[in-house]
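Novice: Below you will find the structure I want to go over with you.
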Amino acid sequence: MEPVNSTEVSEFFLKGFSGYPALEHLLFPLCSAMYLVTLLGNTGIVAVSLLDARLHTPMYFFLGNLSILDICYTSTFVPLMLVHLLSTISFLGCALQMCLSLSTGSTECLLLAIMAYDRYLAICRPLRYPVLMSHRLCWLLAGAAWVLCLCKSVTETVIAMRLPFCGHRVVSHFTCEILAVLKLACGDTSISEVFLLVGAILLLPVPLAFICLSYTLILATTLRVPSAAGRRKAFSTCSAHLAVVMLFYGTVIFMYMKPKSKEARISDEVFTVLYAVVTPILRNKEVKEAARKVWGRIRTSR
C-alpha cells in the first residue's frame, strides 16, 4: 500500500463535459460570447465609474470591485475551458486556479452584503449617508473583504493540495473546483471538509441573512415614500443587485450546502457555468445607465 500512496501527481486531467459531446458544441460558442460580454461589460463598469466624477460614490465603488472580481473569476478557468474542453492543467496551475476561484467567490459573498448595507444607508438614512459611508470606510470594507477571503482561500487550498492523491488525476469538472479535487484524495479529507464547512457557514447564511434584513428595512422605508416616482427610483436602484444576489447565492448554496455525493453530476458543472458566465451579464443594466450618464455629459460639453 505504501508504494501506491507515494505516487505523486504532477498534473490533473480536467474531464469537463467530455461525456456530452453535443453539450460541448453548444457551450463553446455560447460561453465564448458570454465571456466576451463579461470582459467588455465589467471593464466598462470600471472605466465609466472612473470617468464620471458623479459616479465616484460608494455604490459604484463596490460595483467596480465586483466587476474586477468577475473578470478575475471567469478568467481563471473560462479561457482554458474554451481552448480545450478536455484539458490538462499542472499541479501548481490547479492550486492557483483553485485559490483564485475560492478567493473571488468568497469575496463576492462579503461585497454583496456590504453593498446591501450601502443601499440601506442610502435609502433609509439619506441625510447621514455621506458621513456613515465615507470613502475611508469604503476602502476599509472592500480591503478587508479581499484580504480576509484571500487568506481563507490560501489556507483551504494548501490543506487540500497537500493530501495524497495516489496517482488519481482525472478531475470530473472543467475547472479545479475544490470539491471535485477532494474526491480524488486517498487520504483523510476531514480537516479540509471542516474548513470548507466553517467557511460556507460564515460566508453563506450569515451574509445572506444580513442582506435579507437590509432589504426588508429598505422595503419598509420605500413603501412609506409618498410619491410613486420615488418608490420606482428606489426599487430600480436595488433590482439589479437583488437579481445578482439571488442567482449567486442560489448557485453557491446548491454547490456547497447540498448533501455530499461521491459521484460527479452534470448539474454541478452546469450551475458553475451559470454563475461564472451569466451572473456578470445581469450587471449590464447598470453599465448602460452609467455609460448613458457619461455620454450625456460629453454631448453637453460639446
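Naming scheme: A, B, ... for chains in displayed order of the C-alpha cells; residues 1 onward per chain; ligands 1 onward as shown.
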Can you pull out the residues contacting Cys238 (chain A)? Cut-off 9 Å, using only C-alpha atoms, and skip same-chain residues under 3 positions away; I want them as a compact mmCIF listing (two decimals) with N, CA, C and O atoms, in the first residue's frame.
Specialist:
# COMPACT_ATOMS: atom_id res chain seq x y z
N ALA A 116 -25.45 45.73 0.09
CA ALA A 116 -26.80 45.79 0.65
C ALA A 116 -26.85 46.80 1.80
O ALA A 116 -27.80 47.59 1.92
N ARG A 119 -26.76 50.34 0.34
CA ARG A 119 -28.04 50.79 -0.21
C ARG A 119 -29.07 51.03 0.89
O ARG A 119 -29.96 51.88 0.74
N TYR A 215 -32.64 44.52 3.03
CA TYR A 215 -33.68 44.78 2.03
C TYR A 215 -35.07 44.78 2.64
O TYR A 215 -35.99 45.39 2.09
N LYS A 233 -37.84 54.78 -8.24
CA LYS A 233 -36.40 55.03 -8.23
C LYS A 233 -35.69 54.14 -7.22
O LYS A 233 -34.62 53.58 -7.50
N ALA A 234 -36.29 53.99 -6.04
CA ALA A 234 -35.69 53.14 -5.01
C ALA A 234 -35.66 51.69 -5.44
O ALA A 234 -34.65 50.99 -5.27
N PHE A 235 -36.76 51.21 -6.03
CA PHE A 235 -36.82 49.82 -6.47
C PHE A 235 -35.84 49.56 -7.62
O PHE A 235 -35.19 48.51 -7.67
N HIS A 241 -29.14 44.51 -8.23
CA HIS A 241 -28.38 43.91 -7.14
C HIS A 241 -29.10 42.69 -6.57
O HIS A 241 -28.49 41.66 -6.29
N LEU A 242 -30.42 42.80 -6.41
CA LEU A 242 -31.19 41.67 -5.89
C LEU A 242 -31.14 40.47 -6.84
O LEU A 242 -31.06 39.32 -6.40
N ALA A 243 -31.19 40.73 -8.16
CA ALA A 243 -31.12 39.64 -9.13
C ALA A 243 -29.78 38.91 -9.03
O ALA A 243 -29.71 37.68 -9.07
Novice: Could you give me, as JSON, numbers by chain, each residue of region 51-212 of chain A that DSSP assigns to strand (DSSP E) when run on this structure's backbone?
Specialist: {"A": [87, 88, 89, 90, 170, 171]}
Novice: As a PyMOL selection string, which residues of region 138-222 of chain A does DSSP assign to alpha helix (DSSP H)?
Specialist: chain A and resi 138-161+178-182+190-203+205-222
Novice: Using only C-alpha atoms, find the one residue out of A:Pro164, A:Gly93, A:Gly250, A:Pro58 that sits nearest to Leu132 (chain A).
Specialist: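 Going through A:Pro164, A:Gly93, A:Gly250, A:Pro58 one by one, the smallest distance to Leu132 (chain A) is for A:Pro58.
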